[in-house]
Amino acid sequence: MPHRPTPVPAVRPAGPARRAAAVLAAALLALLGLTAAAPAQADDVRPALAPNFKAPFPCGQQWTYSHHSAEVRRALDFIRSDGGATGGTPQVASAAGTATRHYQAGGAGNYIVIDHGGGWKTYYFHLASFSVANGQSVAQGQQIGVTGSTGNSSGAHIHYEQLYNGVGQNIRINGTALPYPGSYGQYHLRSDNCGGDTNFTTWGSGVRVRADARLDAAVVTTLPGPTPVYVECQKQGDVVNAEGYTNAWWSRLRDQRGFISNIYIDHPDAKLPGVPVC
């Protein structure tokens, strides 16, 4: 429905006596070397100094999200919308901190709380299993658990919260506030929570970057020679044979927005270590 502006009450102009009093007060303050106090500004709803939170799911994956009124605090629920399975997918830390493990049979199920310091915490509910020890320090992007449906849950999803001093906050990713839709499919979020060492260099010349991990996929661009690349994630695709090597793993390149065979990544392993699966 159209937004109707809030009526602003009329302000009666100050009379001559009131204006004169104001001028006299200002002059007196000036003689005393003082200035009138500025009016107080309204506090921002979002507390300052929040960590730069990133998506709670692996780099390169796309998920859709929703919120319903029965949720505690200001949670958002996420499910995958890129064709991958939601259940069994890693959940990763939105920011660095100290992780603690918890269990609530009739509610959150297996869940992780990460204390980021400064009053900030994030919650991750309904885990199928834990991936970190209780009290362990974790890095941004590090796997903390596996997505599941434990506790009071009707299906696999990520229930995610950001809290400041115990109060649920509107969720922001990379500093941007997310909307709170009432159903899935309206909004989608692709993760750039890559963490770890995912910077690599290619080798060879004329390496084709394709739209998908298939030899018949459209060519997005071509790398003319050895090129530094940022690998978001990797997945299995067509088998590629080159220079005596065979590999079915492909890397999704963040900046080129496409895939290349891992054969052309300058690393001895067929599946790159520390890089999540798309």
# chains A, B, ... in the order shown; residues from 1 in each chain; ligands from 1
>>> residues_around(residues="A:Tyr123", least_positions_apart="6", cutoff="6 Å", atoms="only C-alpha atoms", output="list in words")
Ile112, Val113, Tyr160 and Glu161 of chain A
>>> residues_around(residues="stretch 199-208 of chain A", least_positions_apart="5", cutoff="6 Å", atoms="only C-alpha atoms", output="PyMOL selection string")
chain A and resi 222-230+264-266
>>> write_last_selection(atoms="all heavy atoms", output="mmCIF file, in the first residue's frame")
data_model
loop_
_atom_site.group_PDB
_atom_site.id
_atom_site.type_symbol
_atom_site.label_atom_id
_atom_site.label_comp_id
_atom_site.auth_asym_id
_atom_site.auth_seq_id
_atom_site.Cartn_x
_atom_site.Cartn_y
_atom_site.Cartn_z
ATOM 1 N N THR A 222 38.756 -15.746 -21.209
ATOM 2 C CA THR A 222 39.944 -16.584 -21.396
ATOM 3 C C THR A 222 41.119 -15.955 -20.660
ATOM 4 O O THR A 222 41.345 -14.740 -20.765
ATOM 5 C CB THR A 222 40.290 -16.734 -22.888
ATOM 6 O OG1 THR A 222 39.181 -17.325 -23.574
ATOM 7 C CG2 THR A 222 41.514 -17.610 -23.075
ATOM 8 N N LEU A 223 41.852 -16.772 -19.894
ATOM 9 C CA LEU A 223 43.027 -16.293 -19.169
ATOM 10 C C LEU A 223 44.243 -16.462 -20.078
ATOM 11 O O LEU A 223 44.592 -17.587 -20.449
ATOM 12 C CB LEU A 223 43.204 -17.079 -17.871
ATOM 13 C CG LEU A 223 41.988 -17.104 -16.931
ATOM 14 C CD1 LEU A 223 42.297 -17.926 -15.675
ATOM 15 C CD2 LEU A 223 41.566 -15.702 -16.557
ATOM 16 N N PRO A 224 44.913 -15.362 -20.446
ATOM 17 C CA PRO A 224 45.986 -15.450 -21.442
ATOM 18 C C PRO A 224 47.245 -16.149 -20.951
ATOM 19 O O PRO A 224 48.000 -16.705 -21.745
ATOM 20 C CB PRO A 224 46.278 -13.981 -21.757
ATOM 21 C CG PRO A 224 45.854 -13.237 -20.535
ATOM 22 C CD PRO A 224 44.670 -13.982 -20.011
ATOM 23 N N GLY A 225 47.483 -16.133 -19.635
ATOM 24 C CA GLY A 225 48.681 -16.742 -19.076
ATOM 25 C C GLY A 225 48.490 -16.956 -17.591
ATOM 26 O O GLY A 225 47.366 -16.827 -17.085
ATOM 27 N N PRO A 226 49.546 -17.313 -16.849
ATOM 28 C CA PRO A 226 49.411 -17.476 -15.396
ATOM 29 C C PRO A 226 48.742 -16.252 -14.766
ATOM 30 O O PRO A 226 49.170 -15.119 -14.980
ATOM 31 C CB PRO A 226 50.862 -17.634 -14.933
ATOM 32 C CG PRO A 226 51.557 -18.229 -16.120
ATOM 33 C CD PRO A 226 50.907 -17.594 -17.318
ATOM 34 N N THR A 227 47.663 -16.519 -13.998
ATOM 35 C CA THR A 227 46.826 -15.438 -13.461
ATOM 36 C C THR A 227 46.489 -15.703 -12.005
ATOM 37 O O THR A 227 46.038 -16.809 -11.678
ATOM 38 C CB THR A 227 45.509 -15.342 -14.266
ATOM 39 O OG1 THR A 227 45.809 -15.190 -15.659
ATOM 40 C CG2 THR A 227 44.654 -14.182 -13.786
ATOM 41 N N PRO A 228 46.699 -14.731 -11.109
ATOM 42 C CA PRO A 228 46.208 -14.895 -9.730
ATOM 43 C C PRO A 228 44.684 -14.939 -9.735
ATOM 44 O O PRO A 228 44.035 -14.098 -10.377
ATOM 45 C CB PRO A 228 46.729 -13.643 -9.005
ATOM 46 C CG PRO A 228 47.805 -13.097 -9.877
ATOM 47 C CD PRO A 228 47.415 -13.454 -11.277
ATOM 48 N N VAL A 229 44.096 -15.913 -9.056
ATOM 49 C CA VAL A 229 42.637 -16.051 -9.017
ATOM 50 C C VAL A 229 42.193 -16.290 -7.584
ATOM 51 O O VAL A 229 42.959 -16.790 -6.752
ATOM 52 C CB VAL A 229 42.141 -17.205 -9.922
ATOM 53 C CG1 VAL A 229 42.345 -16.875 -11.387
ATOM 54 C CG2 VAL A 229 42.813 -18.522 -9.562
ATOM 55 N N TYR A 230 40.936 -15.925 -7.329
ATOM 56 C CA TYR A 230 40.326 -16.169 -6.019
ATOM 57 C C TYR A 230 39.245 -17.215 -6.205
ATOM 58 O O TYR A 230 38.253 -16.979 -6.896
ATOM 59 C CB TYR A 230 39.731 -14.878 -5.459
ATOM 60 C CG TYR A 230 39.444 -14.955 -3.979
ATOM 61 C CD1 TYR A 230 40.378 -14.509 -3.057
ATOM 62 C CD2 TYR A 230 38.246 -15.480 -3.507
ATOM 63 C CE1 TYR A 230 40.119 -14.574 -1.693
ATOM 64 C CE2 TYR A 230 37.985 -15.563 -2.149
ATOM 65 C CZ TYR A 230 38.929 -15.099 -1.251
ATOM 66 O OH TYR A 230 38.677 -15.179 0.100
ATOM 67 N N TYR A 264 44.142 -26.651 -14.184
ATOM 68 C CA TYR A 264 44.825 -25.393 -14.511
ATOM 69 C C TYR A 264 45.085 -24.516 -13.284
ATOM 70 O O TYR A 264 45.528 -23.382 -13.429
ATOM 71 C CB TYR A 264 44.024 -24.636 -15.568
ATOM 72 C CG TYR A 264 43.916 -25.414 -16.854
ATOM 73 C CD1 TYR A 264 42.707 -25.984 -17.243
ATOM 74 C CD2 TYR A 264 45.031 -25.620 -17.662
ATOM 75 C CE1 TYR A 264 42.613 -26.732 -18.406
ATOM 76 C CE2 TYR A 264 44.943 -26.367 -18.831
ATOM 77 C CZ TYR A 264 43.733 -26.913 -19.196
ATOM 78 O OH TYR A 264 43.653 -27.659 -20.344
ATOM 79 N N ILE A 265 44.801 -25.051 -12.085
ATOM 80 C CA ILE A 265 45.185 -24.373 -10.846
ATOM 81 C C ILE A 265 46.552 -24.910 -10.433
ATOM 82 O O ILE A 265 46.765 -26.124 -10.392
ATOM 83 C CB ILE A 265 44.154 -24.629 -9.729
ATOM 84 C CG1 ILE A 265 42.778 -24.092 -10.123
ATOM 85 C CG2 ILE A 265 44.624 -23.997 -8.428
ATOM 86 C CD1 ILE A 265 42.675 -22.588 -10.181
ATOM 87 N N ASP A 266 47.465 -24.021 -10.142
ATOM 88 C CA ASP A 266 48.832 -24.423 -9.801
ATOM 89 C C ASP A 266 48.884 -24.981 -8.383
ATOM 90 O O ASP A 266 49.299 -24.302 -7.433
ATOM 91 C CB ASP A 266 49.771 -23.228 -9.953
ATOM 92 C CG ASP A 266 51.244 -23.633 -9.881
ATOM 93 O OD1 ASP A 266 51.512 -24.850 -9.872
ATOM 94 O OD2 ASP A 266 52.108 -22.735 -9.830
#
>>> closest_residue(among="A:Cys278, A:Ile144, A:Ala108, A:Ala213", to="A:Val239", atoms="only C-alpha atoms")
A:Ala213
>>> residues_around(residues="stretch 100-102 of chain A", least_positions_apart="4", cutoff="7 Å", atoms="only C-alpha atoms", output="number ranges by chain")
A: 110-114, 134-135
>>> write_last_selection(atoms="C-alpha atoms", output="JSON list (two decimals), in the first residue's frame")
[["chain", "number", "residue", "atom", "x", "y", "z"],
["A", 110, "ASN", "CA", 22.01, -29.04, 18.39],
["A", 111, "TYR", "CA", 23.19, -25.46, 18.18],
["A", 112, "ILE", "CA", 26.34, -23.34, 18.26],
["A", 113, "VAL", "CA", 26.79, -19.92, 19.86],
["A", 114, "ILE", "CA", 29.81, -17.87, 18.76],
["A", 134, "ASN", "CA", 33.23, -26.77, 22.91],
["A", 135, "GLY", "CA", 35.08, -23.51, 23.65]]
>>> closest_residue(among="A:His159, A:His67, A:Arg80, A:Lys271", to="A:Gly107", atoms="only C-alpha atoms")
A:His159
>>> closest_residue(among="A:Arg214, A:Arg254, A:Lys235, A:Arg190", to="A:Gln61", atoms="only C-alpha atoms")
A:Arg190
>>> residues_around(residues="A:Ala75", least_positions_apart="2", cutoff="10 Å", atoms="only C-alpha atoms", output="JSON list (two decimals) with N, CA and C atoms, in the first residue's frame")
[["chain", "number", "residue", "atom", "x", "y", "z"],
["A", 66, "SER", "N", 13.79, -16.56, 4.84],
["A", 66, "SER", "CA", 12.48, -16.04, 5.23],
["A", 66, "SER", "C", 12.44, -15.87, 6.74],
["A", 67, "HIS", "N", 11.39, -15.22, 7.20],
["A", 67, "HIS", "CA", 11.17, -14.99, 8.63],
["A", 67, "HIS", "C", 9.68, -15.17, 8.90],
["A", 68, "HIS", "N", 9.36, -15.82, 10.02],
["A", 68, "HIS", "CA", 7.96, -15.90, 10.40],
["A", 68, "HIS", "C", 7.80, -15.47, 11.85],
["A", 69, "SER", "N", 6.61, -15.03, 12.19],
["A", 69, "SER", "CA", 6.38, -14.35, 13.46],
["A", 69, "SER", "C", 6.66, -15.23, 14.67],
["A", 70, "ALA", "N", 6.62, -16.54, 14.52],
["A", 70, "ALA", "CA", 6.84, -17.43, 15.66],
["A", 70, "ALA", "C", 8.32, -17.56, 16.02],
["A", 71, "GLU", "N", 9.21, -17.06, 15.15],
["A", 71, "GLU", "CA", 10.64, -17.17, 15.41],
["A", 71, "GLU", "C", 11.04, -16.34, 16.62],
["A", 72, "VAL", "N", 12.03, -16.85, 17.36],
["A", 72, "VAL", "CA", 12.54, -16.07, 18.48],
["A", 72, "VAL", "C", 13.38, -14.92, 17.95],
["A", 73, "ARG", "N", 13.37, -13.82, 18.70],
["A", 73, "ARG", "CA", 14.19, -12.65, 18.40],
["A", 73, "ARG", "C", 14.05, -12.24, 16.93],
["A", 77, "ASP", "N", 15.67, -17.74, 8.57],
["A", 77, "ASP", "CA", 15.88, -19.14, 8.19],
["A", 77, "ASP", "C", 16.34, -19.19, 6.74],
["A", 78, "PHE", "N", 17.36, -20.01, 6.47],
["A", 78, "PHE", "CA", 17.96, -20.12, 5.14],
["A", 78, "PHE", "C", 17.83, -21.54, 4.61],
["A", 123, "TYR", "N", 24.01, -17.10, 16.59],
["A", 123, "TYR", "CA", 23.44, -18.40, 16.93],
["A", 123, "TYR", "C", 23.17, -19.17, 15.63],
["A", 124, "TYR", "N", 23.38, -20.50, 15.70],
["A", 124, "TYR", "CA", 23.19, -21.39, 14.56],
["A", 124, "TYR", "C", 22.44, -22.62, 15.08],
["A", 158, "ILE", "N", 19.04, -23.51, 7.94],
["A", 158, "ILE", "CA", 19.88, -22.76, 8.87],
["A", 158, "ILE", "C", 19.00, -21.72, 9.57],
["A", 159, "HIS", "N", 18.88, -21.84, 10.88],
["A", 159, "HIS", "CA", 18.26, -20.79, 11.69],
["A", 159, "HIS", "C", 19.41, -19.95, 12.22],
["A", 160, "TYR", "N", 19.41, -18.66, 11.89],
["A", 160, "TYR", "CA", 20.57, -17.80, 12.14],
["A", 160, "TYR", "C", 20.14, -16.52, 12.85],
["A", 161, "GLU", "N", 20.93, -16.12, 13.84],
["A", 161, "GLU", "CA", 20.64, -14.89, 14.60],
["A", 161, "GLU", "C", 21.91, -14.11, 14.86],
["A", 162, "GLN", "N", 21.76, -12.80, 14.99],
["A", 162, "GLN", "CA", 22.81, -11.90, 15.46],
["A", 162, "GLN", "C", 22.29, -11.17, 16.69],
["A", 163, "LEU", "N", 23.02, -11.25, 17.80],
["A", 163, "LEU", "CA", 22.60, -10.64, 19.06],
["A", 163, "LEU", "C", 23.65, -9.66, 19.57],
["A", 168, "GLY", "N", 18.26, -9.59, 20.18],
["A", 168, "GLY", "CA", 18.30, -9.90, 18.75],
["A", 168, "GLY", "C", 18.31, -8.65, 17.90],
["A", 169, "GLN", "N", 19.17, -8.62, 16.90],
["A", 169, "GLN", "CA", 19.31, -7.48, 16.00],
["A", 169, "GLN", "C", 18.83, -7.84, 14.60],
["A", 170, "ASN", "N", 18.42, -6.83, 13.83],
["A", 170, "ASN", "CA", 18.14, -7.07, 12.42],
["A", 170, "ASN", "C", 19.43, -7.53, 11.75],
["A", 171, "ILE", "N", 19.35, -8.59, 10.98],
["A", 171, "ILE", "CA", 20.55, -9.23, 10.44],
["A", 171, "ILE", "C", 21.14, -8.41, 9.30],
["A", 180, "TYR", "N", 13.11, -8.96, 5.56],
["A", 180, "TYR", "CA", 12.50, -10.04, 6.34],
["A", 180, "TYR", "C", 11.24, -10.53, 5.62]]
>>> atom_distance(atom1="atom CA of A:Lys121", atom2="atom CA of A:Asn165")
8.1 Å
>>> select_by_dssp(residues="stretch 115-276 of chain A", states="strand (DSSP E or B)", output="MDAnalysis selection string")
chainID A and resid 115:117 120:130 136:138 143:147 158:164 167:168 172:173 176:177 188:190 199:202 207:210 219:223 228:242 245:253 258:261 265
>>> closest_residue(among="A:Gly166, A:Gly97, A:Pro179, A:Gly109", to="A:Ala139", atoms="only C-alpha atoms")
A:Gly97
>>> atom_distance(atom1="atom CA of A:Gly258", atom2="atom CA of A:Val209")
5.6 Å
>>> residues_around(residues="A:Arg172", least_positions_apart="2", cutoff="9 Å", atoms="only C-alpha atoms", output="list in words")
Asn52, Phe53, Lys54, Gln162, Gln169, Asn170, Asn174, Gly175, Thr176, Ala177 and Leu178 of chain A
>>> write_last_selection(atoms="N, CA, C and O atoms", output="PDB file, in the first residue's frame")
ATOM      1  N   ASN A  52      32.060  -7.461  10.875  1.00  0.00           N
ATOM      2  CA  ASN A  52      31.596  -7.512   9.494  1.00  0.00           C
ATOM      3  C   ASN A  52      31.114  -8.931   9.212  1.00  0.00           C
ATOM      4  O   ASN A  52      31.836  -9.766   8.662  1.00  0.00           O
ATOM      5  N   PHE A  53      29.871  -9.207   9.613  1.00  0.00           N
ATOM      6  CA  PHE A  53      29.321 -10.552   9.479  1.00  0.00           C
ATOM      7  C   PHE A  53      29.157 -10.926   8.016  1.00  0.00           C
ATOM      8  O   PHE A  53      28.742 -10.108   7.186  1.00  0.00           O
ATOM      9  N   LYS A  54      29.460 -12.190   7.731  1.00  0.00           N
ATOM     10  CA  LYS A  54      29.237 -12.739   6.395  1.00  0.00           C
ATOM     11  C   LYS A  54      28.221 -13.875   6.484  1.00  0.00           C
ATOM     12  O   LYS A  54      27.807 -14.259   7.573  1.00  0.00           O
ATOM     13  N   GLN A 162      21.756 -12.800  14.995  1.00  0.00           N
ATOM     14  CA  GLN A 162      22.812 -11.899  15.458  1.00  0.00           C
ATOM     15  C   GLN A 162      22.289 -11.174  16.694  1.00  0.00           C
ATOM     16  O   GLN A 162      21.208 -10.570  16.637  1.00  0.00           O
ATOM     17  N   GLN A 169      19.167  -8.624  16.900  1.00  0.00           N
ATOM     18  CA  GLN A 169      19.308  -7.481  15.999  1.00  0.00           C
ATOM     19  C   GLN A 169      18.831  -7.839  14.597  1.00  0.00           C
ATOM     20  O   GLN A 169      18.843  -9.015  14.212  1.00  0.00           O
ATOM     21  N   ASN A 170      18.416  -6.834  13.826  1.00  0.00           N
ATOM     22  CA  ASN A 170      18.141  -7.069  12.418  1.00  0.00           C
ATOM     23  C   ASN A 170      19.432  -7.532  11.748  1.00  0.00           C
ATOM     24  O   ASN A 170      20.488  -6.921  11.919  1.00  0.00           O
ATOM     25  N   ASN A 174      27.745  -8.326   5.425  1.00  0.00           N
ATOM     26  CA  ASN A 174      28.651  -7.349   4.801  1.00  0.00           C
ATOM     27  C   ASN A 174      28.175  -5.916   5.042  1.00  0.00           C
ATOM     28  O   ASN A 174      28.326  -5.041   4.195  1.00  0.00           O
ATOM     29  N   GLY A 175      27.583  -5.691   6.215  1.00  0.00           N
ATOM     30  CA  GLY A 175      27.139  -4.352   6.589  1.00  0.00           C
ATOM     31  C   GLY A 175      25.804  -3.934   6.017  1.00  0.00           C
ATOM     32  O   GLY A 175      25.307  -2.843   6.324  1.00  0.00           O
ATOM     33  N   THR A 176      25.190  -4.778   5.201  1.00  0.00           N
ATOM     34  CA  THR A 176      23.919  -4.443   4.558  1.00  0.00           C
ATOM     35  C   THR A 176      22.778  -5.193   5.224  1.00  0.00           C
ATOM     36  O   THR A 176      22.843  -6.416   5.388  1.00  0.00           O
ATOM     37  N   ALA A 177      21.723  -4.473   5.612  1.00  0.00           N
ATOM     38  CA  ALA A 177      20.575  -5.090   6.268  1.00  0.00           C
ATOM     39  C   ALA A 177      19.802  -5.954   5.277  1.00  0.00           C
ATOM     40  O   ALA A 177      19.540  -5.545   4.139  1.00  0.00           O
ATOM     41  N   LEU A 178      19.445  -7.166   5.707  1.00  0.00           N
ATOM     42  CA  LEU A 178      18.635  -8.047   4.874  1.00  0.00           C
ATOM     43  C   LEU A 178      17.156  -7.777   5.134  1.00  0.00           C
ATOM     44  O   LEU A 178      16.767  -7.457   6.255  1.00  0.00           O
TER      45      LEU A 178
END
>>> residues_around(residues="A:Trp120", least_positions_apart="2", cutoff="8 Å", atoms="only C-alpha atoms", output="ChimeraX atom specification")
/A:50-51,115-118,122,162-165
>>> write_last_selection(atoms="N, CA, C and O atoms", output="short mmCIF file (atom, residue, chain, number, x, y, z; two decimals), in the first residue's frame")
data_model
loop_
_atom_site.label_atom_id
_atom_site.label_comp_id
_atom_site.auth_asym_id
_atom_site.auth_seq_id
_atom_site.Cartn_x
_atom_site.Cartn_y
_atom_site.Cartn_z
N ALA A 50 29.96 -3.31 15.19
CA ALA A 50 29.57 -4.70 14.93
C ALA A 50 30.62 -5.35 14.05
O ALA A 50 31.23 -4.70 13.20
N PRO A 51 30.87 -6.65 14.22
CA PRO A 51 31.76 -7.36 13.28
C PRO A 51 31.20 -7.28 11.86
O PRO A 51 29.99 -7.08 11.67
N ASP A 115 30.73 -16.33 20.38
CA ASP A 115 30.93 -15.05 21.05
C ASP A 115 32.03 -14.30 20.29
O ASP A 115 33.18 -14.73 20.25
N HIS A 116 31.66 -13.16 19.70
CA HIS A 116 32.59 -12.38 18.88
C HIS A 116 33.25 -11.25 19.66
O HIS A 116 34.06 -10.52 19.10
N GLY A 117 32.89 -11.11 20.94
CA GLY A 117 33.44 -10.02 21.74
C GLY A 117 32.64 -8.75 21.55
O GLY A 117 31.86 -8.60 20.61
N GLY A 118 32.82 -7.81 22.50
CA GLY A 118 32.12 -6.53 22.39
C GLY A 118 30.63 -6.63 22.54
O GLY A 118 29.89 -5.73 22.12
N THR A 122 26.54 -14.75 17.62
CA THR A 122 25.68 -15.31 16.58
C THR A 122 25.25 -16.71 17.00
O THR A 122 25.98 -17.42 17.70
N GLN A 162 21.76 -12.80 14.99
CA GLN A 162 22.81 -11.90 15.46
C GLN A 162 22.29 -11.17 16.69
O GLN A 162 21.21 -10.57 16.64
N LEU A 163 23.02 -11.25 17.80
CA LEU A 163 22.60 -10.64 19.06
C LEU A 163 23.65 -9.66 19.57
O LEU A 163 24.85 -9.89 19.41
N TYR A 164 23.17 -8.58 20.17
CA TYR A 164 24.05 -7.61 20.82
C TYR A 164 23.59 -7.46 22.27
O TYR A 164 22.45 -7.08 22.52
N ASN A 165 24.48 -7.80 23.20
CA ASN A 165 24.13 -7.79 24.63
C ASN A 165 22.84 -8.55 24.91
O ASN A 165 21.99 -8.12 25.69
#
